[in-house]
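Q: For reference, the file model_13.cif (mmCIF, C-alpha atoms) is included below:
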data_my_file
#
loop_
_atom_site.label_atom_id
_atom_site.label_comp_id
_atom_site.auth_asym_id
_atom_site.auth_seq_id
_atom_site.Cartn_x
_atom_site.Cartn_y
_atom_site.Cartn_z
CA MET A 1 122.31 187.23 59.39
CA LEU A 2 119.49 185.98 57.15
CA ASP A 3 120.25 184.50 53.80
CA PRO A 4 119.44 187.10 51.06
CA ALA A 5 117.65 184.36 49.14
CA ILE A 6 115.03 184.26 51.90
CA ARG A 7 114.16 187.97 51.58
CA PRO A 8 112.23 187.71 48.27
CA ALA A 9 110.18 184.88 49.75
CA GLY A 10 109.31 187.04 52.75
CA LEU A 11 108.36 189.93 50.49
CA THR A 12 106.15 187.61 48.43
CA VAL A 13 104.35 186.44 51.57
CA ARG A 14 103.73 190.03 52.69
CA CYS A 15 102.42 191.00 49.25
CA ALA A 16 100.13 187.97 49.18
CA ARG A 17 98.76 188.84 52.62
CA ALA A 18 98.11 192.42 51.51
CA LEU A 19 96.34 191.30 48.34
CA LEU A 20 94.21 188.78 50.25
CA SER A 21 93.36 191.13 53.09
CA PRO A 22 89.65 191.86 53.72
CA TRP A 23 89.85 195.42 52.43
CA SER A 24 91.73 194.39 49.29
CA ARG A 25 89.04 191.82 48.54
CA LEU A 26 86.32 194.39 49.20
CA SER A 27 88.03 196.77 46.80
CA LEU A 28 88.08 194.02 44.19
CA LEU A 29 84.35 193.45 44.73
CA LEU A 30 83.62 197.14 44.21
CA VAL A 31 85.69 197.15 41.01
CA LEU A 32 83.85 194.09 39.70
CA LEU A 33 80.44 195.61 40.46
CA ALA A 34 81.37 198.93 38.88
CA SER A 35 82.65 197.13 35.77
CA ALA A 36 79.48 195.06 35.55
CA ALA A 37 77.31 198.17 35.84
CA ALA A 38 79.34 199.83 33.10
CA MET A 39 78.87 196.83 30.83
CA VAL A 40 75.11 197.00 31.41
CA LEU A 41 75.06 200.66 30.43
CA LEU A 42 77.12 199.85 27.34
CA PHE A 43 75.10 196.89 26.03
CA GLU A 44 71.64 198.07 27.20
CA PRO A 45 69.89 194.72 27.88
CA GLN A 46 66.54 196.54 28.02
CA ARG A 47 66.63 196.59 24.22
CA LEU A 48 65.37 193.00 24.36
CA LEU A 49 61.90 194.40 24.99
CA ALA A 50 62.03 196.39 21.75
CA ASP A 51 64.27 194.29 19.49
CA GLY A 52 63.41 190.78 20.67
CA TRP A 53 65.68 187.74 20.99
CA PRO A 54 68.19 187.07 18.18
CA PRO A 55 66.35 184.93 15.59
CA GLN A 56 69.28 182.55 15.12
CA VAL A 57 68.86 181.29 18.70
CA ALA A 58 65.56 179.57 19.45
CA GLY A 59 63.88 176.86 21.50
CA THR A 60 65.26 175.55 24.77
CA THR A 61 68.69 176.95 23.93
CA ALA A 62 67.27 180.45 23.88
CA VAL A 63 65.45 179.87 27.18
CA ALA A 64 68.65 178.58 28.82
CA LEU A 65 70.78 181.41 27.44
CA PHE A 66 68.27 184.00 28.59
CA GLY A 67 68.30 182.47 32.09
CA ALA A 68 72.10 182.71 32.21
CA ALA A 69 72.04 186.30 30.92
CA TYR A 70 69.28 187.11 33.42
CA GLY A 71 71.46 185.90 36.30
CA LEU A 72 74.47 187.92 35.19
CA CYS A 73 72.33 191.03 34.67
CA THR A 74 70.74 190.86 38.12
CA ALA A 75 74.20 190.55 39.68
CA ALA A 76 75.03 193.76 37.78
CA PHE A 77 72.01 195.60 39.25
CA VAL A 78 69.66 195.36 36.25
CA PRO A 79 66.12 195.62 37.70
CA ARG A 80 64.37 192.24 37.80
CA PRO A 81 60.94 193.58 36.80
CA LEU A 82 62.39 194.64 33.46
CA LEU A 83 63.94 191.21 32.90
CA ASN A 84 60.75 189.43 33.99
CA LEU A 85 58.68 191.43 31.50
CA ALA A 86 61.22 190.58 28.80
CA ALA A 87 61.05 186.87 29.68
CA GLY A 88 57.28 186.85 29.28
CA ALA A 89 57.35 188.87 26.08
CA LEU A 90 60.02 186.65 24.50
CA PHE A 91 59.05 183.14 25.62
CA GLY A 92 55.48 183.30 26.91
CA SER A 93 54.26 182.69 30.43
CA GLN A 94 55.45 179.09 30.95
CA PHE A 95 58.94 179.08 29.47
CA GLY A 96 59.41 182.70 30.49
CA LEU A 97 58.70 181.83 34.12
CA VAL A 98 61.12 178.89 34.07
CA SER A 99 63.87 181.03 32.57
CA ALA A 100 63.23 183.96 34.90
CA LEU A 101 63.22 181.81 38.05
CA ALA A 102 66.40 180.03 37.00
CA GLY A 103 68.04 183.38 36.33
CA THR A 104 66.81 184.72 39.66
CA VAL A 105 68.42 181.90 41.63
CA LEU A 106 71.58 182.08 39.52
CA GLY A 107 71.93 185.83 39.94
CA ALA A 108 71.28 185.61 43.67
CA GLY A 109 73.89 182.86 43.99
CA ILE A 110 76.48 184.91 42.08
CA ALA A 111 75.90 187.98 44.24
CA PHE A 112 75.85 185.94 47.45
CA GLY A 113 79.10 184.18 46.52
CA LEU A 114 80.87 187.42 45.62
CA GLY A 115 79.67 189.16 48.75
CA ARG A 116 80.55 186.24 51.02
CA THR A 117 84.01 185.70 49.51
CA LEU A 118 85.11 189.29 48.92
CA GLY A 119 83.09 191.48 51.27
CA GLN A 120 82.04 189.67 54.44
CA ASP A 121 85.32 189.87 56.37
CA ALA A 122 85.68 193.60 55.78
CA LEU A 123 82.06 194.60 56.37
CA ARG A 124 81.08 192.53 59.41
CA PRO A 125 83.18 194.62 61.85
CA LEU A 126 81.27 197.71 60.63
CA LEU A 127 77.90 196.38 61.86
CA ARG A 128 77.85 198.57 64.97
CA ALA A 129 74.57 200.47 64.67
CA GLY A 130 71.70 198.92 66.64
CA TRP A 131 69.39 198.37 63.69
CA LEU A 132 72.22 196.89 61.61
CA LYS A 133 72.99 194.41 64.36
CA ALA A 134 69.31 193.55 64.68
CA ALA A 135 68.97 192.99 60.91
CA ASP A 136 72.15 190.90 60.86
CA GLY A 137 70.93 188.82 63.80
CA GLN A 138 67.59 188.23 62.09
CA LEU A 139 69.25 187.01 58.90
CA SER A 140 71.83 184.94 60.75
CA ARG A 141 69.38 183.18 63.10
CA HIS A 142 66.26 183.00 60.93
CA GLY A 143 67.76 183.13 57.47
CA PHE A 144 65.24 181.11 55.50
CA ARG A 145 62.18 182.73 57.06
CA SER A 146 63.58 186.25 56.77
CA MET A 147 64.72 185.87 53.18
CA LEU A 148 61.44 184.24 52.19
CA ALA A 149 59.59 187.30 53.53
CA VAL A 150 61.94 189.63 51.66
CA ARG A 151 61.31 187.81 48.38
CA LEU A 152 57.54 187.55 48.87
CA PHE A 153 57.20 191.27 49.65
CA PRO A 154 59.66 192.93 47.25
CA GLY A 155 60.30 196.12 49.20
CA VAL A 156 64.06 195.55 49.38
CA PRO A 157 66.00 195.78 46.10
CA PHE A 158 67.06 192.35 44.88
CA ALA A 159 70.81 193.08 44.75
CA ALA A 160 70.80 194.80 48.15
CA ALA A 161 69.11 191.80 49.76
CA ASN A 162 71.67 189.46 48.19
CA TYR A 163 74.69 191.35 49.46
CA CYS A 164 73.17 191.94 52.90
CA ALA A 165 72.54 188.21 53.23
CA ALA A 166 76.11 187.52 52.12
CA VAL A 167 77.51 189.73 54.90
CA SER A 168 75.38 187.92 57.50
CA ARG A 169 76.04 184.38 58.70
CA MET A 170 73.15 182.96 56.70
CA GLY A 171 73.84 179.64 54.96
CA TRP A 172 73.91 179.01 51.22
CA LEU A 173 71.07 176.47 51.10
CA PRO A 174 68.49 178.48 53.08
CA PHE A 175 69.33 181.56 51.01
CA LEU A 176 68.89 179.85 47.65
CA LEU A 177 65.76 177.92 48.69
CA ALA A 178 64.09 181.03 50.10
CA THR A 179 65.02 182.98 46.98
CA GLY A 180 63.60 180.36 44.63
CA LEU A 181 60.35 179.82 46.52
CA GLY A 182 59.74 183.40 47.56
CA SER A 183 60.34 184.82 44.08
CA ILE A 184 57.68 182.68 42.36
CA PRO A 185 54.56 184.84 42.91
CA ASN A 186 55.98 188.23 41.96
CA THR A 187 58.08 186.83 39.12
CA ALA A 188 55.06 185.00 37.70
CA ALA A 189 52.99 188.19 37.80
CA TYR A 190 55.57 190.14 35.81
CA VAL A 191 56.16 187.32 33.33
CA VAL A 192 52.43 186.93 32.68
CA ALA A 193 52.10 190.70 32.27
CA GLY A 194 54.95 190.65 29.77
CA SER A 195 53.40 187.80 27.82
CA ARG A 196 50.08 189.70 27.60
CA ALA A 197 51.54 193.16 27.05
CA SER A 198 50.09 193.25 23.53
CA THR A 199 46.57 193.02 25.03
CA PRO A 200 46.66 195.40 28.02
CA THR A 201 42.88 195.27 28.47
CA SER A 202 42.74 191.48 28.86
CA PRO A 203 41.64 190.11 32.28
CA VAL A 204 44.90 188.16 32.69
CA PHE A 205 47.01 191.28 32.17
CA LEU A 206 44.87 193.36 34.53
CA ILE A 207 44.93 190.67 37.23
CA SER A 208 48.71 190.35 37.04
CA MET A 209 49.18 194.13 37.26
CA GLY A 210 46.76 194.28 40.18
CA PHE A 211 48.75 191.59 41.97
CA ILE A 212 51.96 193.57 41.42
CA ALA A 213 50.34 196.71 42.84
CA VAL A 214 48.95 194.90 45.90
CA THR A 215 52.25 193.20 46.74
CA GLY A 216 54.08 196.48 46.28
CA LEU A 217 51.75 198.19 48.74
CA ALA A 218 52.06 195.29 51.17
CA ALA A 219 55.85 195.54 50.90
CA LEU A 220 55.74 199.20 51.91
CA VAL A 221 53.61 198.39 54.95
CA VAL A 222 55.84 195.48 56.01
CA ALA A 223 59.00 197.55 55.53
CA TRP A 224 57.59 200.42 57.59
CA ARG A 225 56.62 198.11 60.47
CA LYS A 226 59.93 196.23 60.31
CA ARG A 227 61.91 199.46 60.37
CA HIS A 228 60.19 200.65 63.53
CA ARG A 229 60.61 197.23 65.16
CA LEU A 230 64.34 197.15 64.41
CA ARG A 231 64.81 200.71 65.69
CA SER A 232 62.99 199.88 68.91
CA ARG A 233 65.44 197.04 69.51
#
Written as structure tokens, how would this file's structure read?

A:
Amino acid sequence: MLDPAIRPAGLTVRCARALLSPWSRLSLLLVLLASAAAMVLLFEPQRLLADGWPPQVAGTTAVALFGAAYGLCTAAFVPRPLLNLAAGALFGSQFGLVSALAGTVLGAGIAFGLGRTLGQDALRPLLRAGWLKAADGQLSRHGFRSMLAVRLFPGVPFAAANYCAAVSRMGWLPFLLATGLGSIPNTAAYVVAGSRASTPTSPVFLISMGFIAVTGLAALVVAWRKRHRLRSR
């Protein structure tokens, strides 16, 4: 007969296994994402466009803090175009671009880490549909090239791309490098547009908006062709 003192230890092990199981971790991820989305709705970060940055925080400190807030907001599903416009309006084209790109990589890294740690083990067995397997294989084998294309042609929502990459077998370094490099053109266009929003008839503003429109159209074309290619596989 087992010693009664051993029973609590066995119960603790079973509880720990249940809490660390793939579906328990996925549930925790969903709770974290829902809580983050609720915080965004409560604090309304889009008010930065109307109210501006707090005057008591200025200079490089403000740029760094905005980059950190940008990263947290993108992980909570705040649209990047809104944050990019705010970066340009608050800090100008140069510092706004630096802050926005830093926040982009930070937010992508947060989402990738959460998805990889809490969601991958539970979600990978569900990749049974043909097009899901094809997309997973593309990201797993050609991670840098695939993610670079996703960032250059922003047809896939930023958060969705982050969590899809996290479920695949793509590595950290290719993901972050592709995110940083691929996000430069579109991010720069939005930041410049935000910095020139007070003069909407200026050539710089019109060129940046034209670039955004062209890349958006190109993204639709690429997504349509990619969808048919994945389905054919």

Q: Take atom CA of A:Ser93 and atom CA of A:Ser195 and report the distance between them in Å, one decimal.

A: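 So the answer is 5.8 Å.
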
Q: Considering all atoms listed in the file, return as a list of chain:residue names whatever protein or nucleic-acid residues lie within 8 Å of A:Pro154, sequence-local ones (same chain, fewer than 6 positions apart) excluded.

A: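 The filter keeps A:Asn186, A:Thr215, A:Gly216, A:Ala219.
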
Q: Please, what distance in Å, to one decimal, runs between atom CA of A:Ala166 and atom CA of A:Gly143?

A: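 We find that atom CA of A:Ala166 and atom CA of A:Gly143 lie 10.8 Å from each other.
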
Q: So, counting all atoms listed in the file, which residue among A:Ala87, A:Ala213, A:Val57, A:Leu114 is closest to A:Arg196?

A: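 Distance minimum relative to A:Arg196 lands on A:Ala87.
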
Q: Between atom CA of A:Gly109 and atom CA of A:Gly88, what is the distance, to one decimal in Å?

A: 22.5 Å

Q: May I ask which of the residues A:Val214, A:Ala188, A:Ala159, A:Ala165 is the closest one to A:Gly92, counting only C-alpha atoms?

A: A:Ala188
